[in-house]
Amino acid sequence: MPWLRKLTRRAGPTPVPRSSAEAPPHITARVRYELFFGITSEIILFSDQRTLKILDANDAAARAYGYTRAEFQELSINDLRLPGTESIVARHVSDAGGVHGTMFETVHVRKDGTTFPVEVVARTAWVEGQRIIISAIRDVTQRLRAAHHAERLTEVWRLATDPAIDEESRLFAMLRAGAAGISAGGRYVARLSHVDGSDVVVDAVTPEPRGVEDAGPGARFPLAGSLEARVLGAHRSIGWSDESSSAIGVPVDVAEERYALTFCSDEPSGELFTAEDEAFVEILGGFFASRLSQARLRRQLVHQIGHDRLTSLPNRAGLRQAVHRAIDEDHACTLVVIDLDAFDAVNETLGHLVADAVLVEVGAAFAGELRPGEFVARLEGDTFGLLLPGNDRAATGERIAVWRALFEQPFGVGDREGRKTARITACFGVATSPDDGTTFEKVLTNATSALRAAKARGPGRIAYFDRELERLVSHRRVLRAELRDAIERDEFELFYQPTVALATLRITGAEALLRWNHPTRGLLAPDEFIPFAQQEGSIRDIDRWVAQRTVAQVAELRDAPAGFRCYFNLSARTMDDGEFVPWLADVRERHPAAEDKLGIEITENAAMLDFERTQGALSELRRLGIRVAIDDFGTGYSSLAYLKRFPIDVMKIDRSFIEGIERDATARALVETLLAIAAQFGCATVAEGVETAEQLEWLQRTTCTAVQGYHLARPMPFVAFSASLSNMMPADQRPRSDR
Ligand code: C2E
Ligand code: CA
Ligand code: CA
């Protein structure tokens with residue numbers, strides 16, 4: 001191999017400097033070459049630039065392609081590419097025309113005819129008059145597989161959660177996406193079947209069937225029947241393939257019932273299913289389980305809770321539906337809340353049984369009085385709701401007079417001791433839609449506050465809701481004023497909750513959580529005032545206070561471990577405020593000790609408000625070295641495609657997903673999906689709300705980066721947090737602090 005001697009004497013275009021000739025004599029250039037060439041796991045080929053004949057190949061190449069090194073020397077690099085495709089190497093190299101490297105992706109063929117995707121880095125080198133192509137080749141099967149896996153999971157996630165998809169098309173769409181996800185080009189029949197395979201829930205063929213529908217998938221795919229039987233007896237996914245077909249399936253358990261989710265192909269699949277395929281099918285099974293149990297739950301709910309057991313009248317949920325039907329159809333309507341007066345006294349003097357019987361009688365009287373378009377429901381206890389069409393005050397007044405007249409006669413009830421009568425009265429509170437609200441809750445709240453006003457005037461009274469009244473009874477004003485003063489009076493405080501790395505169980509960061517030391521109501525959690533502040537607009541001031549205090553306190557942390565980051569929460573409104581980021585940059589500049597220790601958390605939904613603006617703000621924050629975390633990840637809707645375009649460092653997986661992972665395979669599948677999606681985005685992950693050792697142990701077996709939760713530490717005042725950093729111990733020995 002004369003070219004090799006030349007190459008090893010003069011490695012590349014530049015002459016080897018003198019000093020390297022003084023290397024220890026026993027490590028010759030040849031040995032060095034063989035060592036490197038043989039040891040590296042990268043595939044390396046040398047070929048002639050003119051003829052493309054392969055001059056030498058290393059052991060990694062022999063392993064990857066199945067040729068011996070001697071056989072390689074009979075081949076040209078064109079023999080490695082897929083027949084019929086253009087020689088990219090030759091084009092690239094002659095285009096580049098010289099020693100500069102070129103990089104491209106293509107598909108190569110092994111000796112046995114199978115193919116694999118590769119990434120090729122090629123460059124040329126002059127070796128004493130001969131131009132040689134050096135190609136470093138990497139098998140990218142794994143990388144492509146991981147990307148494909150995350151992509152198909154993302155799609156299934158979208159289909160499983162998008163509220164715009166109705167339940168039946170959802171199952172079908174998920175099934176198709178599942179089949180598309182595992183079919184490597186072949187045609188697949190996918191089906192979800194019940195118990196013995198005879199009861200098919202959904203069926204999908206992908207791609208579109210070629211006139212085989214009537215034969216049924218079972219007839220066309222002989223494997224299907226036996227697969228279902230095997231799947232129903234399995235405890236996780238199973239798959240196999242032979243010369244004529246391939247199949248994979250997973251059992252899906254919903255309550256006490258078992259379904260089989262199966263994918264059968266009528267085409268031979270050369271390769272067995274990968275571990276990713278099995279994981280994918282299992283996760284898909286988890287999605288189906290959660291969808292099916294929700295659909296089942298909903299059916300049960302409609303039966304059980306649609307009606308009130310005692311009076312057989314529709315209940316609150318039923319009234320809610322009726323009101324929303326009117327609102328959706330743009331019909332004005334009137335909601336009357338009717339509450340019996342002094343019903344406690346009936347209970348006490350006549351006993352519960354009689355009181356219940358009175359309620360039944362009242363309900364029956366109401367139902368007997370209904371006209372078309374009217375709807376009555378028992379809301380709770382002795383409170384009823386009446387829906388009247390239209391919002392004309394006079395017409396409403398007439399109808400209410402009729403209903404009120406029902407109470408002029410005593411209600412008689414019979415029981416074992418004989419017949420008793422009860423004279424009762426009722427108060428009426430009235431609100432209308434759209435004037436007094438455009439949701440059931442709003443209209444009901446207002447009708448109820450009118451009812452309170454009626455009650456205040458005495459038994460048997462009627463009151464109509466009016467805005468003035470609302471303003472008087474509402475405590476919002478007070479809260480608004482108190483919130484405004486809270487910053488000035490220094491009533492806010494930040495608690496810190498550590499985040500702990502899963503690999504080391506050591507503190508890697510913290511989240512700053514707001515508390516309000518309210519002068520009369522004690523320590524308030526943010527849920528009690530943040531939503532209000534968000535409506536009122538004072539949230540911007542609060543968020544700035546939080547940011548400022550976090551930066552200042554983080555700067556004071558003397559014992560923060562390397563890489564420590566403290567995150568604080570920002571609301572959507574603040575993200576919309578163009579002046580916030582420059583303001584924050586300024587604050588941070590005044591506290592250099594906090595410089596590389598900061599991060600912000602925003603929720604998915606906040607990020608969605610104004611895409612361009614948020615993207616700009618987040619990029620700017622990152623430029624400042626402030627990390628960005630997406631909060632409550634997985635609870636927003638179908639925003640994944642957008643999220644891909646945001647610069648995000650960390651994804652925080654919402655507590656609602658972590659809750660079920662000990663007992664529930666579905667919950668685990670969901671978390672794994674979220675982790676795979678995060679990996680696709682290149683993000684670190686924090687699991688929120690870890691409350692038990694079992695949850696922690698399970699998470700340690702996943703790719704999740706860090707955890708946060710009561711099991712590790714509760715949010716604590718700054719002083720306690722700072723002290724806990726000073727005497728850092730492994731998480732399981734650290735004393736727990738309470739809120
Ligand atoms: P979040 O951002 O999801 O914060 C995590 C919440 O989960 C905190 O509640 C924390 O105390 C709680 N938590 C942590 N570990 C566990 C656990 O193991 N089990 C359970 N059950 N809960 C756990 P917190 O402090 O009440 O905050 C509630 C929400 O209020 C936060 O949810 C966040 O959305 C908001 N918030 C808190 N501080 C701020 C702030 O400074 N600014 C803004 N805009 N929002 C804030
Ligand atoms: Ca948060
Ligand atoms: Ca959260």
# chains A, B, ... in the order shown; residues from 1 in each chain; ligands from 1
>>> residues_near_ligand(ligand="ligand 3", cutoff="8 Å", atoms="only C-alpha atoms and all ligand atoms", output="list in words")
Thr603, Asp631, Asp632, Phe633, Lys652, Ile653, Asp654, Arg655 and Glu688 of chain A
>>> residues_near_ligand(ligand="ligand 1", cutoff="8 Å", atoms="only C-alpha atoms and all ligand atoms", output="PDB file with C-alpha atoms, in the first residue's frame")
ATOM      1  CA  LEU A 494     -40.730  35.333  49.383  1.00  0.00           C
ATOM      2  CA  PHE A 495     -40.530  31.696  50.376  1.00  0.00           C
ATOM      3  CA  GLN A 497     -38.471  25.916  47.649  1.00  0.00           C
ATOM      4  CA  GLU A 511     -38.185  28.640  43.099  1.00  0.00           C
ATOM      5  CA  ALA A 512     -39.207  31.900  44.757  1.00  0.00           C
ATOM      6  CA  LEU A 513     -42.855  31.726  45.857  1.00  0.00           C
ATOM      7  CA  LEU A 514     -44.831  34.720  47.006  1.00  0.00           C
ATOM      8  CA  ARG A 515     -46.586  34.951  50.390  1.00  0.00           C
ATOM      9  CA  ALA A 525     -50.861  31.673  49.592  1.00  0.00           C
ATOM     10  CA  PRO A 526     -50.647  33.216  46.128  1.00  0.00           C
ATOM     11  CA  ASP A 527     -53.728  31.377  44.854  1.00  0.00           C
ATOM     12  CA  ILE A 530     -52.666  36.397  42.449  1.00  0.00           C
ATOM     13  CA  ILE A 539     -49.945  42.014  39.087  1.00  0.00           C
ATOM     14  CA  ILE A 542     -46.307  42.587  42.291  1.00  0.00           C
ATOM     15  CA  ASP A 543     -44.209  40.766  39.706  1.00  0.00           C
ATOM     16  CA  VAL A 546     -40.923  39.678  43.330  1.00  0.00           C
ATOM     17  CA  ALA A 547     -38.220  40.062  40.695  1.00  0.00           C
ATOM     18  CA  PHE A 568     -39.223  33.428  39.990  1.00  0.00           C
ATOM     19  CA  ASN A 569     -42.690  33.460  38.448  1.00  0.00           C
ATOM     20  CA  LEU A 570     -43.883  36.020  35.955  1.00  0.00           C
ATOM     21  CA  SER A 571     -47.439  36.400  34.808  1.00  0.00           C
ATOM     22  CA  GLU A 601     -40.929  30.811  35.014  1.00  0.00           C
ATOM     23  CA  THR A 603     -46.795  29.224  32.003  1.00  0.00           C
ATOM     24  CA  ASP A 631     -44.250  26.224  34.125  1.00  0.00           C
ATOM     25  CA  ASP A 632     -47.035  23.664  34.540  1.00  0.00           C
ATOM     26  CA  ASP A 654     -47.008  19.883  36.349  1.00  0.00           C
ATOM     27  CA  ARG A 655     -47.855  18.273  39.676  1.00  0.00           C
ATOM     28  CA  GLU A 688     -43.097  19.388  40.346  1.00  0.00           C
ATOM     29  CA  GLY A 689     -44.992  18.270  43.409  1.00  0.00           C
ATOM     30  CA  VAL A 690     -42.960  15.171  44.293  1.00  0.00           C
ATOM     31  CA  GLU A 691     -44.568  14.062  47.542  1.00  0.00           C
ATOM     32  CA  GLN A 708     -39.244  19.821  43.471  1.00  0.00           C
ATOM     33  CA  GLY A 709     -41.799  18.890  46.075  1.00  0.00           C
ATOM     34  CA  TYR A 710     -42.810  18.435  49.679  1.00  0.00           C
ATOM     35  CA  HIS A 711     -40.970  15.113  49.866  1.00  0.00           C
ATOM     36  CA  LEU A 712     -37.685  16.957  49.416  1.00  0.00           C
ATOM     37  CA  ALA A 713     -38.503  20.280  51.035  1.00  0.00           C
ATOM     38  CA  ARG A 714     -41.397  22.634  51.487  1.00  0.00           C
ATOM     39  CA  PRO A 715     -41.183  26.305  50.566  1.00  0.00           C
TER      40      PRO A 715
END
>>> closest_residue(among="A:Asn58, A:Thr703, A:Thr499, A:Thr40", to="ligand 2", atoms="only C-alpha atoms and all ligand atoms")
A:Thr499
>>> closest_residue(among="A:Ala275, A:Ile43, A:Val231, A:Leu340", to="Ala260 of chain A", atoms="only C-alpha atoms")
A:Val231
>>> closest_residue(among="A:Ala122, A:Val430, A:Leu387, A:Val686", to="ligand 2", atoms="only C-alpha atoms and all ligand atoms")
A:Val686
>>> select_by_dssp(residues="segment 292-531 of chain A", states="alpha helix (DSSP H)", output="NGL selection string")
:A and (292-305 or 316-328 or 343-350 or 352-369 or 393-405 or 440-457 or 467-473 or 476-488 or 530-531)
>>> residues_around(residues="Gly578 of chain A", least_positions_apart="6", cutoff="12 Å", atoms="only C-alpha atoms", output="list in words")
Arg540, Ala572, Leu584, Asp610, Glu612, Arg613, Thr614, Gln615, Gly616, Ala617, Leu618 and Glu620 of chain A
>>> atom_distance(atom1="atom CA of Asp341 of chain A", atom2="atom CA of Thr425 of chain A")
5.5 Å
>>> closest_residue(among="A:Glu697, A:Glu256, A:Glu74, A:Asp649", to="Ala289 of chain A", atoms="only C-alpha atoms")
A:Glu256
>>> closest_residue(among="A:Gly537, A:Leu80, A:Ala234, A:Cys566", to="ligand 2", atoms="only C-alpha atoms and all ligand atoms")
A:Cys566
>>> closest_residue(among="A:Tyr259, A:Phe384, A:Tyr496, A:Trp157", to="ligand 2", atoms="only C-alpha atoms and all ligand atoms")
A:Tyr496
>>> residues_around(residues="segment 48-54 of chain A", least_positions_apart="6", cutoff="8 Å", atoms="only C-alpha atoms", output="tab-separated table (two decimals) with all heavy atoms, in the first residue's frame")
chain	number	residue	atom	x	y	z
A	72	PHE	N	-13.06	-4.57	1.21
A	72	PHE	CA	-13.25	-3.14	0.97
A	72	PHE	C	-12.37	-2.65	-0.17
A	72	PHE	O	-12.76	-1.80	-0.96
A	72	PHE	CB	-12.92	-2.32	2.23
A	72	PHE	CG	-14.13	-2.04	3.07
A	72	PHE	CD1	-14.22	-2.51	4.37
A	72	PHE	CD2	-15.16	-1.26	2.57
A	72	PHE	CE1	-15.33	-2.23	5.16
A	72	PHE	CE2	-16.28	-0.98	3.36
A	72	PHE	CZ	-16.36	-1.47	4.65
A	73	GLN	N	-11.14	-3.21	-0.23
A	73	GLN	CA	-10.20	-2.68	-1.20
A	73	GLN	C	-10.58	-3.07	-2.63
A	73	GLN	O	-9.97	-2.60	-3.58
A	73	GLN	CB	-8.78	-3.13	-0.83
A	73	GLN	CG	-8.32	-2.32	0.37
A	73	GLN	CD	-7.07	-2.84	1.04
A	73	GLN	OE1	-6.30	-3.57	0.43
A	73	GLN	NE2	-6.88	-2.47	2.30
A	74	GLU	N	-11.60	-3.92	-2.76
A	74	GLU	CA	-12.12	-4.25	-4.09
A	74	GLU	C	-13.27	-3.32	-4.47
A	74	GLU	O	-13.81	-3.42	-5.56
A	74	GLU	CB	-12.65	-5.70	-4.11
A	74	GLU	CG	-11.62	-6.76	-3.73
A	74	GLU	CD	-10.45	-6.76	-4.71
A	74	GLU	OE1	-10.72	-6.76	-5.92
A	74	GLU	OE2	-9.29	-6.70	-4.25
A	75	LEU	N	-13.68	-2.47	-3.55
A	75	LEU	CA	-14.89	-1.67	-3.79
A	75	LEU	C	-14.57	-0.21	-4.06
A	75	LEU	O	-13.49	0.28	-3.75
A	75	LEU	CB	-15.80	-1.71	-2.55
A	75	LEU	CG	-16.33	-3.07	-2.10
A	75	LEU	CD1	-17.07	-2.91	-0.78
A	75	LEU	CD2	-17.24	-3.66	-3.16
A	76	SER	N	-15.56	0.46	-4.63
A	76	SER	CA	-15.49	1.91	-4.76
A	76	SER	C	-16.49	2.49	-3.73
A	76	SER	O	-17.41	1.79	-3.32
A	76	SER	CB	-15.90	2.30	-6.19
A	76	SER	OG	-16.88	3.32	-6.16
A	77	ILE	N	-16.29	3.74	-3.35
A	77	ILE	CA	-17.24	4.28	-2.36
A	77	ILE	C	-18.64	4.38	-2.95
A	77	ILE	O	-19.63	4.43	-2.24
A	77	ILE	CB	-16.82	5.63	-1.73
A	77	ILE	CG1	-16.36	6.59	-2.80
A	77	ILE	CG2	-15.79	5.46	-0.66
A	77	ILE	CD1	-16.05	7.97	-2.24
A	78	ASN	N	-18.75	4.37	-4.26
A	78	ASN	CA	-20.07	4.34	-4.88
A	78	ASN	C	-20.83	3.05	-4.59
A	78	ASN	O	-22.05	3.02	-4.66
A	78	ASN	CB	-19.95	4.51	-6.40
A	78	ASN	CG	-19.88	5.98	-6.76
A	78	ASN	OD1	-20.27	6.82	-5.97
A	78	ASN	ND2	-19.36	6.27	-7.94
A	90	ALA	N	-18.71	12.24	-4.39
A	90	ALA	CA	-17.96	12.71	-5.54
A	90	ALA	C	-18.32	14.17	-5.84
A	90	ALA	O	-17.46	15.01	-6.01
A	90	ALA	CB	-18.25	11.84	-6.74
A	124	THR	N	-10.54	16.08	1.44
A	124	THR	CA	-9.48	15.52	0.63
A	124	THR	C	-8.13	15.93	1.19
A	124	THR	O	-8.02	16.93	1.88
A	124	THR	CB	-9.56	16.00	-0.83
A	124	THR	OG1	-9.56	17.42	-0.82
A	124	THR	CG2	-10.82	15.49	-1.49
A	130	GLN	N	-1.00	12.16	-4.98
A	130	GLN	CA	-2.28	11.45	-5.08
A	130	GLN	C	-3.28	12.17	-4.18
A	130	GLN	O	-2.99	12.49	-3.04
A	130	GLN	CB	-2.11	10.00	-4.62
A	130	GLN	CG	-3.34	9.16	-4.90
A	130	GLN	CD	-3.16	7.71	-4.47
A	130	GLN	OE1	-2.15	7.35	-3.84
A	130	GLN	NE2	-4.13	6.88	-4.79
A	131	ARG	N	-4.47	12.39	-4.73
A	131	ARG	CA	-5.47	13.07	-3.92
A	131	ARG	C	-6.39	12.02	-3.31
A	131	ARG	O	-6.98	11.21	-4.00
A	131	ARG	CB	-6.29	14.01	-4.79
A	131	ARG	CG	-6.45	15.35	-4.11
A	131	ARG	CD	-6.95	16.34	-5.08
A	131	ARG	NE	-7.90	17.18	-4.37
A	131	ARG	CZ	-8.63	18.10	-4.94
A	131	ARG	NH1	-8.57	18.28	-6.25
A	131	ARG	NH2	-9.44	18.84	-4.21
A	132	ILE	N	-6.48	12.06	-2.00
A	132	ILE	CA	-7.20	11.03	-1.26
A	132	ILE	C	-8.42	11.65	-0.59
A	132	ILE	O	-8.36	12.77	-0.09
A	132	ILE	CB	-6.27	10.46	-0.17
A	132	ILE	CG1	-4.99	9.99	-0.81
A	132	ILE	CG2	-6.97	9.41	0.66
A	132	ILE	CD1	-4.61	8.61	-0.55
A	133	ILE	N	-9.53	10.91	-0.61
A	133	ILE	CA	-10.70	11.36	0.16
A	133	ILE	C	-10.70	10.61	1.49
A	133	ILE	O	-10.63	9.39	1.52
A	133	ILE	CB	-12.03	11.03	-0.56
A	133	ILE	CG1	-12.05	11.63	-1.96
A	133	ILE	CG2	-13.22	11.51	0.27
A	133	ILE	CD1	-13.26	11.18	-2.77
>>> atom_distance(atom1="atom CA of Asn315 of chain A", atom2="atom CA of Ala164 of chain A")
27.0 Å
